[in-house]
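See structure below.
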Amino acid sequence: MVPEFAELERLIGAVRRSGAQRVADALTAVLTRWRSPVQVRVLGRSGVGKTTAVAALGLPDEGENTADLTVYLVLAPVRPADETALAGLPARSTLLVVNKVDALDADPQEYCATLAAKTGLDTVGMIASLAVAVQHPFDRNEVAAFRGLAGSGDPTLTLSSELFRTADVPVPAKARQALLDRWPLAAIRAALDALAANSDLDEHGLHDLLRRASGIDGVTAALTELADRARDVRGGRVLDEIERIGARATPEFPLAGAEVERFLDGPVAARIGLAAGLAESAGSAPDPDPAVRRAAQRIVRGRKALAGECR
Ligand SMILES: Nc1nc2c(ncn2[C@@H]2O[C@H](COP(=O)(O)OP(=O)(O)OP(=O)(O)O)[C@@H](O)[C@H]2O)c(=O)[nH]1
Ligand SMILES: [Mg+2]
């Protein structure tokens, strides 16, 4: 168990034993919220690939306004409506994803780097439809069909589904239709490119290559980093809530109030405050947000307590 959670559980136990059930219940509600998973929402203009991205990321749905993190999907070129929406989203909880990079006329990494510099947001590229397709493994027959098509060397084959279906190639039309039923054209194109470059790829090698080409790993890694930070920021809010609960409890339940004070002055709370302070101010210029100023104070408070712990 996370030591921070265990410490709060210990506080709840002590408060309950002191007879302040109401205070213990309030603290339990705080702990439950603290432990709940970081929520992600997916935003973007119509047709950018939100539903597909939700499936690729394994999210339950597109999420709600109250989510901790936002994945904002754009297509190149970014539109004024995107810029307006992005201006209202905080950098520390927003991941900008350029979707459909298979249709991009530029180098995806360079495009994302330019966009990141312009918006100040973490930015990564993705092919959401490919990321969904590679959630299933290839079977050997499919790879054999891909191999046959790659060998045909017809450059127009994957320009459209129609051309793929009607092309004069040595792989039967039925097998091609089966591929189209299961794989988006972007996946077929990527598979043929990969096999043309290396015809020795087996189904595992091909699958791994396409998964990496989908960009899903980069999106998940960036989201994990933001989620870690969101959890740290949440810790700061938890300290605020506990402080308020303690202050309200003290007149009626002085013993519980003292337990809460001891928790807030202890090394675990100091660590939580320090992590929250660092997460809130991570990468940002001087910030007018009062939450950030509070966080800076917490850093000082946290350092003092840590110094006390080390003595
Ligand atoms: N080429 C390409 N097509 C994609 C990609 N991601 C999604 N699509 C396709 O784009 C179309 C729209 O995708 P959706 O996921 O429905 O987009 P959406 O944002 O949910 O659309 P609305 O719900 O209408 O706002 C579908 O045909 C997807 O298959 C991608 O990375 N590359
Ligand atoms: Mg949709």
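We label chains A, B, ... in the order they appear in the structure tokens, count residues from 1 in each chain, and number ligands from 1 in the order shown.
With only C-alpha atoms taken into account, the protein and nucleic acid residues at most 10 Å from Val23 of chain A (excluding it and anything under 5 positions from it in its own chain) are A:Ile12, A:Val15, A:Arg16, A:Thr28, A:Ala29, A:Ile242, A:Ile245, A:Gly246, A:Arg248, A:Ala249, A:Thr250, A:Phe253, A:Ala256, A:Gly257, A:Val260.
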Selected residues written out with N, CA and C atoms, as a PDB file, in the first residue's frame:
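Output file out-v4.pdb is given in full below:
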```
ATOM      1  N   ILE A  12      -7.169   8.037  10.616  1.00  0.00           N
ATOM      2  CA  ILE A  12      -8.614   7.784  10.711  1.00  0.00           C
ATOM      3  C   ILE A  12      -8.905   6.855  11.892  1.00  0.00           C
ATOM      4  N   VAL A  15      -8.542   8.789  15.145  1.00  0.00           N
ATOM      5  CA  VAL A  15      -9.661   9.727  15.324  1.00  0.00           C
ATOM      6  C   VAL A  15     -10.915   8.958  15.740  1.00  0.00           C
ATOM      7  N   ARG A  16     -11.130   7.800  15.123  1.00  0.00           N
ATOM      8  CA  ARG A  16     -12.310   6.991  15.470  1.00  0.00           C
ATOM      9  C   ARG A  16     -12.225   6.523  16.927  1.00  0.00           C
ATOM     10  N   THR A  28     -12.412   9.727   6.002  1.00  0.00           N
ATOM     11  CA  THR A  28     -12.517   8.549   5.136  1.00  0.00           C
ATOM     12  C   THR A  28     -12.964   8.954   3.732  1.00  0.00           C
ATOM     13  N   ALA A  29     -13.892   9.922   3.682  1.00  0.00           N
ATOM     14  CA  ALA A  29     -14.354  10.398   2.365  1.00  0.00           C
ATOM     15  C   ALA A  29     -13.193  11.035   1.593  1.00  0.00           C
ATOM     16  N   ILE A 242      -7.883  18.105   4.862  1.00  0.00           N
ATOM     17  CA  ILE A 242      -7.652  17.567   6.207  1.00  0.00           C
ATOM     18  C   ILE A 242      -7.472  18.721   7.200  1.00  0.00           C
ATOM     19  N   ILE A 245     -10.890  20.047   7.986  1.00  0.00           N
ATOM     20  CA  ILE A 245     -11.630  19.109   8.847  1.00  0.00           C
ATOM     21  C   ILE A 245     -11.111  19.213  10.285  1.00  0.00           C
ATOM     22  N   GLY A 246      -9.785  19.275  10.419  1.00  0.00           N
ATOM     23  CA  GLY A 246      -9.165  19.374  11.747  1.00  0.00           C
ATOM     24  C   GLY A 246      -9.599  20.648  12.467  1.00  0.00           C
ATOM     25  N   ARG A 248     -12.247  22.454  11.976  1.00  0.00           N
ATOM     26  CA  ARG A 248     -13.674  22.419  12.374  1.00  0.00           C
ATOM     27  C   ARG A 248     -13.892  21.483  13.551  1.00  0.00           C
ATOM     28  N   ALA A 249     -13.091  20.410  13.622  1.00  0.00           N
ATOM     29  CA  ALA A 249     -13.317  19.385  14.653  1.00  0.00           C
ATOM     30  C   ALA A 249     -12.837  19.834  16.039  1.00  0.00           C
ATOM     31  N   THR A 250     -11.776  20.646  16.054  1.00  0.00           N
ATOM     32  CA  THR A 250     -11.085  20.915  17.324  1.00  0.00           C
ATOM     33  C   THR A 250     -11.977  21.388  18.479  1.00  0.00           C
ATOM     34  N   PHE A 253     -14.106  18.222  19.346  1.00  0.00           N
ATOM     35  CA  PHE A 253     -13.319  16.987  19.534  1.00  0.00           C
ATOM     36  C   PHE A 253     -11.828  17.333  19.602  1.00  0.00           C
ATOM     37  N   ALA A 256      -9.324  14.560  18.607  1.00  0.00           N
ATOM     38  CA  ALA A 256      -9.254  14.309  17.159  1.00  0.00           C
ATOM     39  C   ALA A 256      -8.494  15.444  16.478  1.00  0.00           C
ATOM     40  N   GLY A 257      -8.776  16.671  16.920  1.00  0.00           N
ATOM     41  CA  GLY A 257      -8.083  17.835  16.353  1.00  0.00           C
ATOM     42  C   GLY A 257      -6.579  17.715  16.539  1.00  0.00           C
ATOM     43  N   VAL A 260      -5.146  15.195  14.112  1.00  0.00           N
ATOM     44  CA  VAL A 260      -5.045  15.765  12.763  1.00  0.00           C
ATOM     45  C   VAL A 260      -3.821  16.686  12.691  1.00  0.00           C
TER      46      VAL A 260
END
```
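Pocket residues of ligand 2, taken as those with any atom at most 7 Å away using only C-alpha atoms and all ligand atoms, are Gly47, Gly49, Lys50 and Thr51 of chain A.
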Residues from last step as file, N, CA and C atoms, as a PDB file, in the first residue's frame:
```pdb
ATOM      1  N   GLY A  47     -15.013  14.651 -35.556  1.00  0.00           N
ATOM      2  CA  GLY A  47     -14.333  13.868 -36.581  1.00  0.00           C
ATOM      3  C   GLY A  47     -12.829  13.733 -36.413  1.00  0.00           C
ATOM      4  N   GLY A  49     -11.303  11.996 -34.262  1.00  0.00           N
ATOM      5  CA  GLY A  49     -10.935  10.643 -33.845  1.00  0.00           C
ATOM      6  C   GLY A  49     -11.102  10.387 -32.356  1.00  0.00           C
ATOM      7  N   LYS A  50     -12.005  11.132 -31.717  1.00  0.00           N
ATOM      8  CA  LYS A  50     -12.187  10.992 -30.258  1.00  0.00           C
ATOM      9  C   LYS A  50     -12.641   9.579 -29.891  1.00  0.00           C
ATOM     10  N   THR A  51     -13.697   9.104 -30.584  1.00  0.00           N
ATOM     11  CA  THR A  51     -14.233   7.779 -30.248  1.00  0.00           C
ATOM     12  C   THR A  51     -13.153   6.709 -30.466  1.00  0.00           C
TER      13      THR A  51
END
```
If we count only C-alpha atoms, what is near Val42 of chain A at a cut-off of 6 Å, once residues fewer than 2 positions away on the same chain are taken out, given as a short mmCIF file (atom, residue, chain, number, x, y, z; two decimals) with C-alpha atoms, in the first residue's frame?
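Result saved to out.cif:
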```
data_model
loop_
_atom_site.label_atom_id
_atom_site.label_comp_id
_atom_site.auth_asym_id
_atom_site.auth_seq_id
_atom_site.Cartn_x
_atom_site.Cartn_y
_atom_site.Cartn_z
CA GLU A 62 -15.02 10.39 -23.57
CA THR A 70 -7.54 16.24 -20.77
CA VAL A 71 -6.40 14.61 -23.97
CA TYR A 72 -7.05 17.21 -26.66
#
```
For segment 202-213 of chain A, work out the shell of residues within 10 Å, counting only C-alpha atoms and skipping chain neighbours fewer than 5 positions away, then give it as a ChimeraX atom specification. /A:102,125-127,130-144,147,186-188,190-192,194-195,218
Near segment 97-101 of chain A, counting only C-alpha atoms, which residues have an atom at most 9 Å away, once you skip same-chain residues fewer than 4 positions from it, shown as JSON, numbers by chain? {"A": [48, 49, 53, 71, 72, 73, 74, 75, 76, 105, 106, 107, 108, 111, 112, 122, 123, 124, 125, 126, 127, 128, 129, 214, 219]}
Looking only at the backbone, which of the residues in segment 10-193 of chain A does DSSP tag as helix (DSSP H, G or I), as a PyMOL selection string? chain A and resi 10-17+21-35+50-57+80-87+91-93+101-103+108-119+128-133+140-152+161-166+173-182+185-193
Keeping C-alpha atoms, export the residues of the selection given above as a compact mmCIF listing (two decimals), in the first residue's frame.
```
# COMPACT_ATOMS: atom_id res chain seq x y z
CA ARG A 10 -3.78 5.33 10.80
CA LEU A 11 -5.04 8.86 11.45
CA ILE A 12 -8.61 7.78 10.71
CA GLY A 13 -8.24 4.87 13.17
CA ALA A 14 -6.89 7.18 15.89
CA VAL A 15 -9.66 9.73 15.32
CA ARG A 16 -12.31 6.99 15.47
CA ARG A 17 -10.88 5.61 18.72
CA GLN A 21 -16.97 9.29 14.38
CA ARG A 22 -18.15 12.21 12.25
CA VAL A 23 -14.59 13.48 11.83
CA ALA A 24 -13.35 9.97 10.99
CA ASP A 25 -16.10 9.66 8.35
CA ALA A 26 -15.12 13.00 6.80
CA LEU A 27 -11.48 11.87 6.66
CA THR A 28 -12.52 8.55 5.14
CA ALA A 29 -14.35 10.40 2.37
CA VAL A 30 -11.17 12.37 1.69
CA LEU A 31 -9.13 9.15 1.53
CA THR A 32 -11.62 7.57 -0.89
CA ARG A 33 -11.42 10.55 -3.24
CA TRP A 34 -7.62 10.57 -2.98
CA ARG A 35 -7.42 6.89 -3.91
CA LYS A 50 -12.19 10.99 -30.26
CA THR A 51 -14.23 7.78 -30.25
CA THR A 52 -11.34 5.90 -31.84
CA ALA A 53 -8.84 7.36 -29.35
CA VAL A 54 -11.08 6.38 -26.43
CA ALA A 55 -11.02 2.78 -27.71
CA ALA A 56 -7.26 2.92 -28.34
CA LEU A 57 -6.59 4.14 -24.79
CA PRO A 80 -8.62 28.71 -34.65
CA ALA A 81 -11.35 26.83 -32.74
CA ASP A 82 -8.66 24.45 -31.42
CA GLU A 83 -6.46 27.36 -30.39
CA THR A 84 -9.34 28.92 -28.46
CA ALA A 85 -10.11 25.64 -26.70
CA LEU A 86 -6.45 24.99 -25.92
CA ALA A 87 -5.94 28.45 -24.43
CA ALA A 91 -0.55 22.78 -19.31
CA ARG A 92 0.03 20.57 -16.29
CA SER A 93 -3.09 18.50 -16.96
CA VAL A 101 -0.46 11.46 -38.48
CA ASP A 102 -0.69 8.85 -41.25
CA ALA A 103 -2.36 11.62 -43.27
CA PRO A 108 5.14 13.95 -37.29
CA GLN A 109 7.87 14.49 -34.71
CA GLU A 110 8.85 17.87 -36.10
CA TYR A 111 5.21 18.90 -36.36
CA CYS A 112 4.55 17.91 -32.74
CA ALA A 113 7.68 19.72 -31.53
CA THR A 114 6.61 22.91 -33.29
CA LEU A 115 3.11 22.64 -31.85
CA ALA A 116 4.48 21.95 -28.36
CA ALA A 117 6.66 25.07 -28.56
CA LYS A 118 3.70 27.14 -29.76
CA THR A 119 1.17 25.91 -27.21
CA ALA A 128 -5.68 6.09 -33.33
CA SER A 129 -7.27 3.79 -35.90
CA LEU A 130 -4.00 1.80 -36.12
CA ALA A 131 -3.71 1.71 -32.33
CA VAL A 132 -7.17 0.13 -32.15
CA ALA A 133 -6.40 -2.33 -34.93
CA ARG A 140 -0.37 -16.11 -39.88
CA ASN A 141 -2.68 -16.16 -42.95
CA GLU A 142 -3.06 -12.41 -42.79
CA VAL A 143 0.68 -11.97 -42.72
CA ALA A 144 1.01 -14.32 -45.71
CA ALA A 145 -1.55 -12.20 -47.61
CA PHE A 146 0.28 -9.01 -46.62
CA ARG A 147 3.54 -10.55 -47.76
CA GLY A 148 2.08 -11.45 -51.15
CA LEU A 149 0.71 -7.92 -51.58
CA ALA A 150 3.98 -6.31 -50.50
CA GLY A 151 5.76 -8.43 -53.12
CA SER A 152 3.48 -7.10 -55.87
CA SER A 161 -10.12 0.85 -50.26
CA GLU A 162 -11.52 0.65 -53.78
CA LEU A 163 -8.08 0.41 -55.39
CA PHE A 164 -7.04 -2.17 -52.79
CA ARG A 165 -10.12 -4.26 -53.55
CA THR A 166 -9.90 -4.08 -57.35
CA ALA A 173 -9.98 -10.61 -53.75
CA LYS A 174 -11.62 -12.53 -50.90
CA ALA A 175 -8.42 -12.45 -48.84
CA ARG A 176 -8.05 -8.73 -49.54
CA GLN A 177 -11.62 -8.07 -48.43
CA ALA A 178 -10.93 -9.99 -45.22
CA LEU A 179 -7.95 -7.71 -44.57
CA LEU A 180 -10.07 -4.62 -45.23
CA ASP A 181 -12.77 -5.88 -42.86
CA ARG A 182 -10.28 -6.12 -40.03
CA LEU A 185 -6.15 1.29 -44.65
CA ALA A 186 -3.44 2.99 -42.56
CA ALA A 187 -2.61 -0.37 -40.94
CA ILE A 188 -2.54 -2.14 -44.31
CA ARG A 189 -0.29 0.54 -45.75
CA ALA A 190 2.04 0.34 -42.76
CA ALA A 191 2.13 -3.48 -42.91
CA LEU A 192 2.98 -3.47 -46.62
CA ASP A 193 5.69 -0.83 -46.12
```
